[in-house]
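Colleague: Here it is, the structure, as structure tokens.
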Amino acid sequence: MTTLAEEQKLIEPRASSHVIAELLLRFRELGIVLALVLVVGATTIDNHRFLSLTNVQQILSSAAIIALLAIGETIVMITRNVDLSIGSVLGISAYATGLLYVHHPHVPLVVVFLVALGIGVACGIVNGLVVTVARVPSLVVTLGTLYIIRGIDGAWAGGNQVNASMLPNSFNKIGYGTFAGVPYLGIIAIVAVAIATYAMRSFRTARDLYAIGSDPAAARLAGIPVGARVFLAFVLSGAIAGIAGAVWLSYYASVDAIAGVGYEFQVITAVVIGGVAIFGGSGTVLGAALGALLLNAINSALVVVNVSSFWSQALAGGLLVGAIAFDRLIALRVAPALRTRRRARG
């Protein structure tokens, strides 16, 4: 029989390796910042115009929309679910917003964003109800609503298009305006990420979301209303996607039936690269926003150095696979360490 001291010697090397894995996961956001610095630095050396004020503003503005969508996607993914319908929700919200201005040119901005919010909430409610009440996997549900909403948007818009001349300057200015050199969209994204980060760290409901993602069965035993929390996550995701649709229209100043196509892949890639575990239970809104900024910086860098846009898609796919593999590796190493420590303390 082995003594307690011998068992401790066997445990210590394994525990130390798992501590390293935990530290790697903890400093994931710092790694994204370093990667961003490398991308910007290398591209600037090749072409100094990459850091021009106009280009930086463009990167921030386009990243802001992905970052907004990433907030809602992060909330959903933390609960061990996924929302693939966000691109379609953004598209139909953007077209509804544009059409509202066509028929009511003097409608107040507040009303416009409330309409966009309402559309997003309605879509989120549908997703949430089917997932929580009918207990259909979120991947299946949101893939279905992605096509349903896209079909409704296509039938509604047809071949019509809303362009900048149909929109008031006060609305368009949200997309192109700046304050002290920082785009309004960037400021909106920063404020939204800051609020979401505070909420996810401070409120009990947010802690419940993490508990659900870590172990749904244990969360139920602990008295957490799992169904209600997951439903809320989908409603929030839909609401944010709805508002993002209005913001998207203000930036691009035109919208048709294909608005938002492919955004779900970009957002999920940004979220996973940002450290949100696709298996649920861990991740931050800040990391997801940094992931969005990194992806947009890479896309812009490839354009500046005259690399085909197809390579940006291949690179994004490679980063997604790598991030998922990394998260899985960390999870497999951390979980045994935690169980080992509990046994050692017992």
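Chain labels run A, B, ... following the order of the structure tokens; each chain numbers its residues from 1, and ligands are numbered from 1 in the order shown.
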Out of range 59-298 of chain A, which residues get strand (DSSP E or B) from DSSP, as a list in words?

Modeller: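 After running DSSP on the backbone, range 59-298 of chain A has strand (DSSP E or B) at Val162, Thr178, Phe179, Val182, Pro183 and Val255 of chain A.
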
Colleague: Return as a Markdown table the residues of range 55-144 of chain A lying at most 6 Å from range 290-310 of chain A, together with the closest atom-to-atom pair for each and the distance in Å to one decimal, counting only C-alpha atoms, with rows in chain order and ascending residue number.

Modeller:
| residue | atom | partner | partner_atom | distance |
| --- | --- | --- | --- | --- |
| A:Ala63 | CA | A:Leu293 | CA | 5.2 |
| A:Ile66 | CA | A:Ala292 | CA | 5.9 |
| A:Ala67 | CA | A:Ala292 | CA | 5.6 |

Colleague: Those residues you just picked out, can you put them in a file as a PDB file, in the first residue's frame with N, CA, C and O atoms?

Modeller:
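The file below, again_37.pdb, is the result:
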ATOM      1  N   ALA A  63     -15.661  46.400 -36.628  1.00  0.00           N
ATOM      2  CA  ALA A  63     -15.524  45.488 -35.487  1.00  0.00           C
ATOM      3  C   ALA A  63     -16.603  45.739 -34.452  1.00  0.00           C
ATOM      4  O   ALA A  63     -17.004  44.822 -33.731  1.00  0.00           O
ATOM      5  N   ILE A  66     -19.726  43.549 -35.020  1.00  0.00           N
ATOM      6  CA  ILE A  66     -19.464  42.167 -34.624  1.00  0.00           C
ATOM      7  C   ILE A  66     -19.383  42.063 -33.106  1.00  0.00           C
ATOM      8  O   ILE A  66     -19.884  41.101 -32.505  1.00  0.00           O
ATOM      9  N   ALA A  67     -18.764  43.058 -32.471  1.00  0.00           N
ATOM     10  CA  ALA A  67     -18.631  43.043 -31.012  1.00  0.00           C
ATOM     11  C   ALA A  67     -20.001  43.112 -30.329  1.00  0.00           C
ATOM     12  O   ALA A  67     -20.236  42.445 -29.316  1.00  0.00           O
TER      13      ALA A  67
END

Colleague: What's around Gly275 in chain A at 10 Å? Count only C-alpha atoms, leave out sequence neighbours fewer than 3 positions away in its own chain, and write the answer as a count of residues only.

Modeller: 24

Colleague: Report, in Å to a single decimal, how far apart CA of Tyr176 in chain A and CA of Val121 in chain A are.

Modeller: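 Atom-to-atom, CA of Val121 in chain A and CA of Tyr176 in chain A are spaced 26.7 Å apart.
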
Colleague: Would you please extract all helix (DSSP H, G or I) residues from range 61-264 of chain A, as assigned by DSSP on the backbone, and give them as a VMD selection string?

Modeller: chain A and resid 61 to 78 86 to 103 109 to 132 138 to 157 164 to 166 169 to 176 184 to 202 204 to 214 216 to 221 226 to 252 263 to 264

Colleague: Pick the closest to Ala233 in chain A from A:Leu209, A:Ala192, A:Ala289, A:Leu249: which is it, counting only C-alpha atoms?

Modeller: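 So, comparing all the options, the nearest one is A:Leu209.
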
Colleague: Quick one: of A:Ile148, A:Ile174, A:Ala122, A:Ala199, who's nearest to Gly186 in chain A, counting only C-alpha atoms?

Modeller: A:Ile174

Colleague: Need the shell around range 43-56 of chain A: protein/DNA/RNA residues with any atom at most 8 Å away, counting only C-alpha atoms. Skip same-chain ones fewer than 2 positions apart. Format as a list in words?

Modeller: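 Listed by chain and then number, they are Val39, Val40, Gly41, Gln58, Ile59, Leu60, Gly181, Ala301, Val304 and Val305 of chain A.
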
Colleague: Please produce an output containing N, CA and C atoms for each residue in the selection, written as a PDB file, in the first residue's frame.

Modeller:
ATOM      1  N   VAL A  39      -0.138  41.697 -35.498  1.00  0.00           N
ATOM      2  CA  VAL A  39      -0.788  41.902 -36.800  1.00  0.00           C
ATOM      3  C   VAL A  39      -0.630  43.351 -37.244  1.00  0.00           C
ATOM      4  N   VAL A  40      -0.936  44.279 -36.327  1.00  0.00           N
ATOM      5  CA  VAL A  40      -0.848  45.704 -36.656  1.00  0.00           C
ATOM      6  C   VAL A  40       0.596  46.098 -36.950  1.00  0.00           C
ATOM      7  N   GLY A  41       1.528  45.617 -36.116  1.00  0.00           N
ATOM      8  CA  GLY A  41       2.935  45.974 -36.308  1.00  0.00           C
ATOM      9  C   GLY A  41       3.494  45.455 -37.615  1.00  0.00           C
ATOM     10  N   GLN A  58     -12.185  52.792 -39.698  1.00  0.00           N
ATOM     11  CA  GLN A  58     -12.956  51.780 -40.412  1.00  0.00           C
ATOM     12  C   GLN A  58     -12.898  50.433 -39.697  1.00  0.00           C
ATOM     13  N   ILE A  59     -11.717  50.053 -39.198  1.00  0.00           N
ATOM     14  CA  ILE A  59     -11.576  48.795 -38.471  1.00  0.00           C
ATOM     15  C   ILE A  59     -12.428  48.805 -37.209  1.00  0.00           C
ATOM     16  N   LEU A  60     -12.383  49.913 -36.473  1.00  0.00           N
ATOM     17  CA  LEU A  60     -13.156  50.026 -35.234  1.00  0.00           C
ATOM     18  C   LEU A  60     -14.654  49.959 -35.504  1.00  0.00           C
ATOM     19  N   GLY A 181     -12.070  61.839 -32.802  1.00  0.00           N
ATOM     20  CA  GLY A 181     -11.406  60.883 -33.674  1.00  0.00           C
ATOM     21  C   GLY A 181     -11.872  59.452 -33.532  1.00  0.00           C
ATOM     22  N   ALA A 301      -5.801  43.839 -42.700  1.00  0.00           N
ATOM     23  CA  ALA A 301      -4.377  43.667 -42.997  1.00  0.00           C
ATOM     24  C   ALA A 301      -4.174  42.894 -44.294  1.00  0.00           C
ATOM     25  N   VAL A 304      -4.707  45.162 -47.176  1.00  0.00           N
ATOM     26  CA  VAL A 304      -3.608  46.123 -47.333  1.00  0.00           C
ATOM     27  C   VAL A 304      -2.393  45.480 -48.003  1.00  0.00           C
ATOM     28  N   VAL A 305      -2.123  44.225 -47.669  1.00  0.00           N
ATOM     29  CA  VAL A 305      -0.951  43.542 -48.258  1.00  0.00           C
ATOM     30  C   VAL A 305      -1.312  42.782 -49.531  1.00  0.00           C
TER      31      VAL A 305
END

Colleague: Pick out the residues sitting within 12 Å of Pro137 in chain A, and hand them over as an MDAnalysis selection string; count only C-alpha atoms, and ignore anything fewer than 6 positions along from it in its own chain.

Modeller: chainID A and resid 80:84 127:131 143:144 230

Colleague: Which residues come within 12 Å of Val226 in chain A, counting only C-alpha atoms, excluding same-chain residues fewer than 3 positions away, as a PyMOL selection string?

Modeller: chain A and resi 79-80+128+131-133+135+205-223+229-233

Colleague: Name the residues in contact with Pro108 in chain A at a cut-off of 12 Å, using only C-alpha atoms, excluding same-chain residues fewer than 6 positions from it; report them as a list of chain:residue names.

Modeller: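 Answer for this query is A:Thr97, A:Leu100, A:Tyr101, A:Leu114, A:Val115, A:Pro168, A:Ser170, A:Phe171.
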
Colleague: Out of A:Asp256, A:Ile78, A:Ala134, A:Tyr198, which residue has the shortest atom-to-atom distance to Ala96 in chain A when counting only C-alpha atoms?

Modeller: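 The closest residue to Ala96 in chain A is A:Asp256.
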
Colleague: Rounded to one decimal in Å, what is the spacing between CA of Gly260 in chain A and CA of Gly245 in chain A?

Modeller: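 Atom-to-atom, CA of Gly260 in chain A and CA of Gly245 in chain A are spaced 8.2 Å apart.
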
Colleague: For CA of Ala155 in chain A and CA of Thr269 in chain A, determine how far apart the two atoms are, in Å to one decimal place.

Modeller: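 Spanning CA of Ala155 in chain A to CA of Thr269 in chain A is a straight-line distance of 29.1 Å.
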